[in-house]
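Engineer: Got a structure here, written out as structure tokens. Questions coming.
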Amino acid sequence: MYTQAMDTMGREPVEGNSGIRSATDQRMEEAFEQRIDAGDFIEAKDWMPEHYRKTLVRQISQHAHSEIVGMLPEGNWISRAPTLKRKAILLAKVQDEGGHGLYLYAAAETLGTSRDQLLDALHSGRAKYSSIFNYPTLNWADIGTIGWLVDGAAIMNQVPICRCSYAPYARAMIRICREESFHQRQGYDALLTMMTKGTPAQRAMVQDAVNRWWWPSVMMFGPPDDQSPNSAQSMRWGIKRVSNDALRQKFIDATVEQAKVLGVTLPDPDLRWNETRQSYDHGAIDWSEFWAVVGGDGACNRERLAARVQAWEDGQWVREAAVAHARKHDLKEAA
Amino acid sequence: MTHTDEWPLWEVFVRSKAGLDHKHCGSLHATDAKLAVQLARDVYTRRQEGVSVWVVRSDQIVASDPADKGMNFDPMEDKVYRHPTFYELPAAVDHM
């Protein structure tokens with residue numbers, strides 16, 4: 001579903017580059033760089049620089065957390081979906097998000113971090129997830145809009161990661177992208193139904209949802225290129241393939257046309273076609289809002305994290321019972 | 001749950017349709033084989049991706065060492081005579 005260019009977290013201290021390396025490490029690192037330059041894929045058991053490993057654990061786990069936390073705003077509407085058809089679709093989508101989280105946790109674990117460590121980082125608030133999920137889902141049109149804009153932005157972000165130099169991550173992304181297209185299309189379809197067959201009040205709901213989700217979606221690509229200090233290294237290592245601004249522009253150009261077909265406006269008075277660039281110019285993005293939400297002050301940050309922690313704690317007895325059951329059977333077989 | 005209680009890791013292999021091989025498609029945590037098969041079905045075959053799944057404990061897999069890749073696999077590079085295309089036959093019988 002959703003990765004926000006995770007090097008947003010450029011504000012975190014850069015770890016792992018102590019500058020002191022043994023001669024062997026230096027030789028290994030040169031060989032590694034050569035493999036990267038040759039477009040080779042790196043597998044879990046291959047030698048890799050510590051900084052490459054850390055960058056990937058951070059990015060993949062944040063991506064996984066985003067999938068899992070992303071189930072919450074949509075889960076809010078499963079019991080309120082307007083028809084059985086929409087409810088079945090939404091259930092399938094939310095189930096997909098859980099699956100995507102699992103693929104990604106598994107990819108992160110290949111780098112030597114345990115699932116429990118990853119979850120602990122999320123539950124204790126140390127790890128980040130995409131800030132988009134800290135916005136509330138206020139009406140049914142929000143669900144369609146999330147599919148159209150948020151999943152649409154996620155797809156733009158994720159398709160290039162299918163070519164990530166770290167193969168387990170790339171393989172997980174290929175599976176995810178294959179499923180993601182359904183998410184975007186079902187969202188657009190839900191909105192189109194409201195716009196073409198709905199009442200004026202329902203059409204107004206769609207416009208209201210688009211007005212609220214547009215800017216947060218545009219921000220999902222992360223800060224501008226000149227303010228993403230980790231980007232250059234990630235690009236060089238083939239972890240990231242396309243820059244934040246390039247992806248953002250691609251998303252905007254695609255979405256403007258889709259908005260016209262849908263019959264809604266996008267809440268940016270400065271949005272206009274630039275003949276020279278063959279792209280849409282857009283208005284200034286309020287990055288202070290972005291950083292406030294990343295920093296914990298979005299509308300739903302506390303609620304989302306509390307819901308995650310509670311779900312984990314409520315499931316404790318199930319996990320323990322399953323372990324006890326397996327142990328009992330092991331003992332029986334041994335006897 | 002403490003770290004030592006983390007559910008063991010399993011590798012999942014899916015046969016996409018009758019007549020094809022099972023192919024590795026990912027991994028998951030499960031307490032025992034039965035649960036692993038159930039979870040593999042839920043996670044990896046939501047869109048008719050398969051007709052059969054295998055699961056195996058990850059710690060039961062023995063793999064070659066990536067550091068030995070050269071020693072293990074490079075010698076095959078200069079054994080072109082192992083391929084049918086190495087042999088140039090008269091056109092009349094070349095479809096053999």
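By convention in this document, the chains of the structure tokens carry letters A, B, ... by their order, each chain's residues are numbered from 1, and ligands are numbered from 1 in the order they are shown.
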Mind listing as an MDAnalysis selection string which residues of chain A are within 7 Å of chain B, counting only C-alpha atoms?
Structural biologist: chainID A and resid 45:46 99 106 116 322:323 326
Engineer: Could you go through chain B and tell me which residues DSSP, when run on the backbone, assigns to helix (DSSP H, G or I), listing them as a ChimeraX atom specification?
Structural biologist: /B:3-5,33-44,58-60,66-78,80-82,84-86,91-93
Engineer: Would you save the residues of that selection, restricted to N, CA and C atoms, as a CSV table (one decimal), in the first residue's frame?
Structural biologist:
```csv
chain,number,residue,atom,x,y,z
B,3,HIS,N,11.4,-12.7,23.2
B,3,HIS,CA,12.1,-13.0,22.0
B,3,HIS,C,12.2,-14.5,21.8
B,4,THR,N,12.5,-15.2,22.9
B,4,THR,CA,12.7,-16.7,22.8
B,4,THR,C,11.3,-17.4,22.5
B,5,ASP,N,10.2,-16.7,22.7
B,5,ASP,CA,8.9,-17.3,22.4
B,5,ASP,C,8.5,-17.0,21.0
B,33,ALA,N,3.3,-27.2,12.0
B,33,ALA,CA,3.2,-27.4,10.5
B,33,ALA,C,1.7,-27.1,10.1
B,34,LYS,N,0.8,-27.5,10.9
B,34,LYS,CA,-0.6,-27.4,10.5
B,34,LYS,C,-1.0,-25.9,10.4
B,35,LEU,N,-0.6,-25.1,11.4
B,35,LEU,CA,-0.8,-23.7,11.3
B,35,LEU,C,-0.1,-23.0,10.2
B,36,ALA,N,1.1,-23.5,9.9
B,36,ALA,CA,1.9,-22.9,8.8
B,36,ALA,C,1.2,-23.1,7.5
B,37,VAL,N,0.6,-24.3,7.3
B,37,VAL,CA,-0.1,-24.6,6.0
B,37,VAL,C,-1.3,-23.7,5.9
B,38,GLN,N,-2.0,-23.5,7.0
B,38,GLN,CA,-3.2,-22.7,7.1
B,38,GLN,C,-2.9,-21.2,6.7
B,39,LEU,N,-1.8,-20.7,7.4
B,39,LEU,CA,-1.4,-19.3,7.2
B,39,LEU,C,-0.9,-19.1,5.8
B,40,ALA,N,-0.1,-20.1,5.3
B,40,ALA,CA,0.4,-20.0,3.9
B,40,ALA,C,-0.8,-19.9,2.9
B,41,ARG,N,-1.8,-20.6,3.1
B,41,ARG,CA,-3.0,-20.6,2.3
B,41,ARG,C,-3.6,-19.2,2.4
B,42,ASP,N,-3.7,-18.6,3.6
B,42,ASP,CA,-4.4,-17.3,3.7
B,42,ASP,C,-3.5,-16.2,3.1
B,43,VAL,N,-2.2,-16.3,3.3
B,43,VAL,CA,-1.3,-15.2,2.9
B,43,VAL,C,-0.9,-15.3,1.4
B,44,TYR,N,-0.6,-16.5,0.9
B,44,TYR,CA,0.0,-16.6,-0.4
B,44,TYR,C,-0.9,-17.0,-1.5
B,58,SER,N,12.4,-23.1,8.3
B,58,SER,CA,13.6,-22.5,7.7
B,58,SER,C,14.9,-23.0,8.2
B,59,ASP,N,14.9,-23.4,9.5
B,59,ASP,CA,16.1,-23.9,10.1
B,59,ASP,C,16.5,-25.3,9.6
B,60,GLN,N,15.6,-25.9,8.8
B,60,GLN,CA,15.9,-27.2,8.3
B,60,GLN,C,16.5,-27.2,6.9
B,66,PRO,N,27.2,-18.5,-0.1
B,66,PRO,CA,27.4,-17.5,-1.2
B,66,PRO,C,28.9,-17.2,-1.5
B,67,ALA,N,29.7,-17.4,-0.4
B,67,ALA,CA,31.1,-17.1,-0.6
B,67,ALA,C,31.7,-18.2,-1.5
B,68,ASP,N,31.1,-19.3,-1.6
B,68,ASP,CA,31.6,-20.4,-2.5
B,68,ASP,C,31.0,-20.4,-3.9
B,69,LYS,N,30.3,-19.3,-4.2
B,69,LYS,CA,29.6,-19.2,-5.5
B,69,LYS,C,30.6,-19.5,-6.7
B,70,GLY,N,31.7,-18.8,-6.6
B,70,GLY,CA,32.7,-19.0,-7.7
B,70,GLY,C,33.2,-20.4,-7.8
B,71,MET,N,33.6,-21.0,-6.7
B,71,MET,CA,34.1,-22.3,-6.7
B,71,MET,C,33.1,-23.3,-7.2
B,72,ASN,N,31.8,-23.1,-6.7
B,72,ASN,CA,30.8,-24.0,-7.0
B,72,ASN,C,30.3,-24.0,-8.5
B,73,PHE,N,30.1,-22.7,-9.0
B,73,PHE,CA,29.3,-22.6,-10.2
B,73,PHE,C,30.1,-22.1,-11.4
B,74,ASP,N,31.2,-21.4,-11.2
B,74,ASP,CA,31.9,-20.8,-12.3
B,74,ASP,C,32.5,-21.9,-13.2
B,75,PRO,N,33.0,-23.0,-12.7
B,75,PRO,CA,33.6,-24.0,-13.7
B,75,PRO,C,32.7,-24.4,-14.8
B,76,MET,N,31.4,-24.2,-14.7
B,76,MET,CA,30.5,-24.6,-15.8
B,76,MET,C,30.6,-23.7,-17.0
B,77,GLU,N,31.2,-22.5,-16.7
B,77,GLU,CA,31.2,-21.5,-17.7
B,77,GLU,C,32.0,-21.9,-19.0
B,78,ASP,N,33.1,-22.7,-18.8
B,78,ASP,CA,33.9,-23.1,-20.0
B,78,ASP,C,33.6,-24.5,-20.4
B,80,VAL,N,31.1,-25.5,-22.6
B,80,VAL,CA,30.1,-25.2,-23.6
B,80,VAL,C,29.6,-26.5,-24.3
B,81,TYR,N,30.5,-27.5,-24.3
B,81,TYR,CA,30.2,-28.8,-25.0
B,81,TYR,C,29.0,-29.5,-24.3
B,82,ARG,N,28.6,-29.0,-23.2
B,82,ARG,CA,27.5,-29.6,-22.5
B,82,ARG,C,26.1,-29.2,-23.1
B,84,PRO,N,23.5,-28.4,-26.4
B,84,PRO,CA,23.3,-29.0,-27.7
B,84,PRO,C,23.7,-28.0,-28.8
B,85,THR,N,23.7,-26.7,-28.5
B,85,THR,CA,24.1,-25.7,-29.6
B,85,THR,C,25.5,-25.8,-29.9
B,86,PHE,N,26.4,-26.4,-29.1
B,86,PHE,CA,27.8,-26.5,-29.4
B,86,PHE,C,28.1,-27.3,-30.7
B,91,ALA,N,22.6,-29.3,-42.2
B,91,ALA,CA,21.3,-28.7,-42.2
B,91,ALA,C,20.2,-29.8,-42.2
B,92,ALA,N,20.5,-30.8,-43.0
B,92,ALA,CA,19.5,-31.8,-43.2
B,92,ALA,C,19.1,-32.6,-42.0
B,93,VAL,N,20.0,-32.6,-41.0
B,93,VAL,CA,19.7,-33.4,-39.8
B,93,VAL,C,19.7,-32.4,-38.5
```
Engineer: Env of range 60-72 of chain A: 7 Å cut, atoms = only C-alpha atoms, seq-sep filter 4 positions within chain, self excluded. Answer as a list in words.
Structural biologist: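 With the cut-off at 7 Å, the set is Met1, Tyr2, Thr3, Leu56, Asn76, Val94, Glu97, Gly98, His100, Gly101, Leu104, Tyr105, Ala108, Leu118, Leu122, Ala127, Lys128, Tyr129, Ser130, Phe133 and Arg304 of chain A.
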Engineer: Can you spit out the residues from that selection as a short mmCIF file (atom, residue, chain, number, x, y, z; two decimals), in the first residue's frame, using N, CA, C and O atoms?
Structural biologist:
```cif
data_model
loop_
_atom_site.label_atom_id
_atom_site.label_comp_id
_atom_site.auth_asym_id
_atom_site.auth_seq_id
_atom_site.Cartn_x
_atom_site.Cartn_y
_atom_site.Cartn_z
N MET A 1 0.84 -1.16 0.00
CA MET A 1 0.00 0.00 0.00
C MET A 1 0.86 1.19 0.00
O MET A 1 1.08 1.86 -0.95
N TYR A 2 1.52 1.42 1.00
CA TYR A 2 1.88 2.77 1.14
C TYR A 2 3.26 2.91 1.69
O TYR A 2 3.46 2.65 2.83
N THR A 3 4.17 3.34 0.88
CA THR A 3 5.39 3.76 1.52
C THR A 3 5.51 5.22 1.23
O THR A 3 5.28 5.65 0.12
N LEU A 56 18.26 -0.46 4.91
CA LEU A 56 17.19 -1.34 4.44
C LEU A 56 16.25 -1.76 5.56
O LEU A 56 15.04 -1.76 5.39
N ASN A 76 -12.06 1.07 9.96
CA ASN A 76 -13.12 1.92 10.54
C ASN A 76 -14.42 1.86 9.74
O ASN A 76 -15.50 2.06 10.28
N VAL A 94 -8.38 -4.69 2.97
CA VAL A 94 -7.73 -4.62 4.28
C VAL A 94 -6.94 -5.91 4.55
O VAL A 94 -5.84 -5.88 5.09
N GLU A 97 -3.67 -5.64 2.85
CA GLU A 97 -2.71 -4.79 3.57
C GLU A 97 -2.00 -5.60 4.65
O GLU A 97 -0.79 -5.48 4.84
N GLY A 98 -2.75 -6.43 5.35
CA GLY A 98 -2.13 -7.30 6.35
C GLY A 98 -1.11 -8.22 5.70
O GLY A 98 0.00 -8.41 6.22
N HIS A 100 0.52 -7.65 2.89
CA HIS A 100 1.67 -6.85 2.46
C HIS A 100 2.61 -6.58 3.63
O HIS A 100 3.83 -6.64 3.49
N GLY A 101 2.01 -6.28 4.79
CA GLY A 101 2.83 -6.08 5.99
C GLY A 101 3.65 -7.33 6.26
O GLY A 101 4.84 -7.25 6.56
N LEU A 104 6.59 -7.85 3.90
CA LEU A 104 7.65 -6.89 4.16
C LEU A 104 8.39 -7.19 5.47
O LEU A 104 9.61 -7.07 5.53
N TYR A 105 7.65 -7.58 6.51
CA TYR A 105 8.32 -7.98 7.74
C TYR A 105 9.27 -9.14 7.44
O TYR A 105 10.40 -9.18 7.92
N ALA A 108 12.36 -7.85 5.87
CA ALA A 108 13.22 -7.17 6.85
C ALA A 108 13.93 -8.18 7.75
O ALA A 108 15.09 -8.00 8.11
N LEU A 118 11.13 -5.79 15.51
CA LEU A 118 10.49 -4.85 14.58
C LEU A 118 9.19 -4.32 15.18
O LEU A 118 8.91 -3.12 15.16
N LEU A 122 7.86 -0.45 16.61
CA LEU A 122 6.61 0.23 16.26
C LEU A 122 5.81 0.58 17.52
O LEU A 122 5.38 1.71 17.72
N ALA A 127 9.82 3.51 15.86
CA ALA A 127 9.79 3.39 14.40
C ALA A 127 8.69 4.28 13.83
O ALA A 127 7.69 4.54 14.48
N LYS A 128 8.91 4.71 12.61
CA LYS A 128 7.91 5.54 11.93
C LYS A 128 7.07 4.69 11.00
O LYS A 128 7.45 3.58 10.62
N TYR A 129 5.92 5.23 10.63
CA TYR A 129 5.12 4.67 9.55
C TYR A 129 4.63 5.85 8.74
O TYR A 129 4.77 7.01 9.17
N SER A 130 4.05 5.60 7.58
CA SER A 130 3.66 6.67 6.69
C SER A 130 2.69 7.63 7.40
O SER A 130 1.70 7.20 7.98
N PHE A 133 -1.48 7.96 7.46
CA PHE A 133 -2.47 7.22 8.26
C PHE A 133 -2.82 7.91 9.55
O PHE A 133 -3.61 7.39 10.34
N ARG A 304 -3.93 5.84 16.56
CA ARG A 304 -3.44 4.73 15.73
C ARG A 304 -2.50 3.83 16.52
O ARG A 304 -2.61 2.61 16.50
#
```
Engineer: Write out as number ranges by chain the residues lying within 12 Å of Ile132 in chain A, counting only C-alpha atoms and excluding same-chain residues fewer than 3 positions away.
Structural biologist: A: 1-5, 66-67, 69-73, 128-129, 135-137, 146, 149-151, 153-154, 212-222, 289-294, 296, 298-301, 304
Engineer: For the selection you just gave me, I'd like the residues written to a file as a compact mmCIF listing (two decimals), in the first residue's frame, keeping C-alpha atoms.
Structural biologist:
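Contents of out_15.txt, freshly written:
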```txt
# COMPACT_ATOMS: atom_id res chain seq x y z
CA MET A 1 0.00 0.00 0.00
CA TYR A 2 1.88 2.77 1.14
CA THR A 3 5.39 3.76 1.52
CA GLN A 4 6.11 7.38 1.90
CA ALA A 5 9.55 7.98 0.59
CA SER A 66 2.70 1.46 7.22
CA GLU A 67 0.83 -1.50 5.76
CA VAL A 69 -1.24 0.75 10.59
CA GLY A 70 -2.88 1.49 7.23
CA MET A 71 -5.46 -1.17 8.02
CA LEU A 72 -6.88 1.03 10.79
CA PRO A 73 -8.37 4.02 8.94
CA LYS A 128 7.91 5.54 11.93
CA TYR A 129 5.12 4.67 9.55
CA TYR A 135 -5.43 11.54 9.13
CA PRO A 136 -9.02 10.51 10.00
CA THR A 137 -11.54 8.79 7.68
CA ILE A 146 -7.75 6.59 -0.08
CA LEU A 149 -5.09 8.95 -4.20
CA VAL A 150 -3.24 7.25 -1.36
CA ASP A 151 -2.88 3.88 -3.07
CA ALA A 153 0.64 7.59 -4.75
CA ALA A 154 1.86 4.37 -3.15
CA ARG A 212 -8.80 16.78 2.62
CA TRP A 213 -6.67 13.97 1.12
CA TRP A 214 -5.02 15.79 -1.79
CA TRP A 215 -2.17 17.55 0.04
CA PRO A 216 -1.36 14.69 2.41
CA SER A 217 -1.18 12.41 -0.66
CA VAL A 218 1.19 14.79 -2.46
CA MET A 219 3.33 14.81 0.69
CA MET A 220 3.56 11.01 0.71
CA PHE A 221 6.49 11.24 -1.69
CA GLY A 222 8.55 12.82 1.04
CA GLU A 289 2.22 20.25 8.43
CA PHE A 290 4.11 17.20 7.15
CA TRP A 291 6.81 17.44 9.80
CA ALA A 292 4.25 18.05 12.53
CA VAL A 293 2.41 14.84 11.58
CA VAL A 294 5.66 12.85 11.24
CA GLY A 296 3.53 12.87 16.29
CA GLY A 298 -1.31 14.61 13.45
CA ALA A 299 -5.02 14.22 14.15
CA CYS A 300 -4.78 10.47 14.85
CA ASN A 301 -1.16 9.61 15.77
CA ARG A 304 -3.44 4.73 15.73
```
Engineer: Just the residues within 10 Å of Val242 in chain A, please, counting only C-alpha atoms, with nothing from its chain fewer than 4 positions along; format it as a PDB file with C-alpha atoms, in the first residue's frame.
Structural biologist:
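The resulting part.pdb:
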```
ATOM      1  CA  MET A 156       4.012   5.413  -8.039  1.00  0.00           C
ATOM      2  CA  ASN A 157       6.413   5.025  -5.129  1.00  0.00           C
ATOM      3  CA  VAL A 159       6.850   0.281  -8.741  1.00  0.00           C
ATOM      4  CA  PRO A 160      10.495   1.472  -8.871  1.00  0.00           C
ATOM      5  CA  ILE A 161      11.243  -0.499  -5.667  1.00  0.00           C
ATOM      6  CA  SER A 231      18.407  10.048  -0.910  1.00  0.00           C
ATOM      7  CA  MET A 235      20.034   6.089  -5.075  1.00  0.00           C
ATOM      8  CA  GLY A 238      19.963   1.082  -5.881  1.00  0.00           C
ATOM      9  CA  ALA A 246      10.170  13.130  -9.915  1.00  0.00           C
ATOM     10  CA  LEU A 247       7.670  10.647  -8.474  1.00  0.00           C
TER      11      LEU A 247
END
```
Engineer: If you run DSSP on the backbone here, which positions in range 30-279 of chain A get strand (DSSP E or B)? Please write them as a list in words.
Structural biologist: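 In range 30-279 of chain A, DSSP puts these residues in strand (DSSP E or B): Ile42, Tyr166, Arg272, Trp273, Asn274 and Ser279 of chain A.
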Engineer: Determine, counting only C-alpha atoms, which protein, DNA and RNA residues have an atom within 10 Å of an atom of Phe32 in chain A; residues of the same chain fewer than 4 positions away are not included. Present the result as a ChimeraX atom specification.
Structural biologist: /A:26-28,36-38,40,42,46-49,237
Engineer: Counting only C-alpha atoms, which residue out of A:Ala107, A:Ala172, A:Val210, A:Ala321 sits closest to Arg58 in chain A?
Structural biologist: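 Distance minimum relative to Arg58 in chain A lands on A:Ala107.
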Engineer: At what distance in Å, to one decimal, does CA of Trp312 in chain A lie from CA of His123 in chain A?
Structural biologist: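 For CA of His123 in chain A relative to CA of Trp312 in chain A, the distance reads 8.8 Å.
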Engineer: Any idea what the distance is between CA of Thr276 in chain A and CA of Ala254 in chain A?
Structural biologist: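 Computing the Euclidean distance for CA of Thr276 in chain A and CA of Ala254 in chain A yields 17.4 Å.
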Engineer: Leaving out Ser234 in chain A and any residue of its chain fewer than 6 positions from it, which residues lie within 9 Å of it when counting only C-alpha atoms, given as a short mmCIF file (atom, residue, chain, number, x, y, z; two decimals) with N, CA and C atoms, in the first residue's frame?
Structural biologist:
```cif
data_model
loop_
_atom_site.label_atom_id
_atom_site.label_comp_id
_atom_site.auth_asym_id
_atom_site.auth_seq_id
_atom_site.Cartn_x
_atom_site.Cartn_y
_atom_site.Cartn_z
N ASP A 7 13.05 7.91 3.06
CA ASP A 7 14.21 8.70 3.46
C ASP A 7 13.77 10.06 3.94
N TYR A 52 24.31 -0.17 4.61
CA TYR A 52 23.32 -0.66 3.64
C TYR A 52 22.25 -1.48 4.37
N THR A 55 20.06 0.81 6.59
CA THR A 55 19.16 1.62 5.78
C THR A 55 17.96 0.77 5.33
N LYS A 240 16.80 3.09 -3.78
CA LYS A 240 15.83 4.01 -4.32
C LYS A 240 16.20 4.24 -5.79
N ARG A 241 15.22 4.28 -6.65
CA ARG A 241 15.52 4.38 -8.08
C ARG A 241 15.11 5.71 -8.70
#
```
Engineer: Kindly give the distance, in Å, that separates CA of Val56 in chain B and CA of Tyr169 in chain A, rounded to a single decimal.
Structural biologist: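 Computing the Euclidean distance for CA of Val56 in chain B and CA of Tyr169 in chain A yields 21.1 Å.
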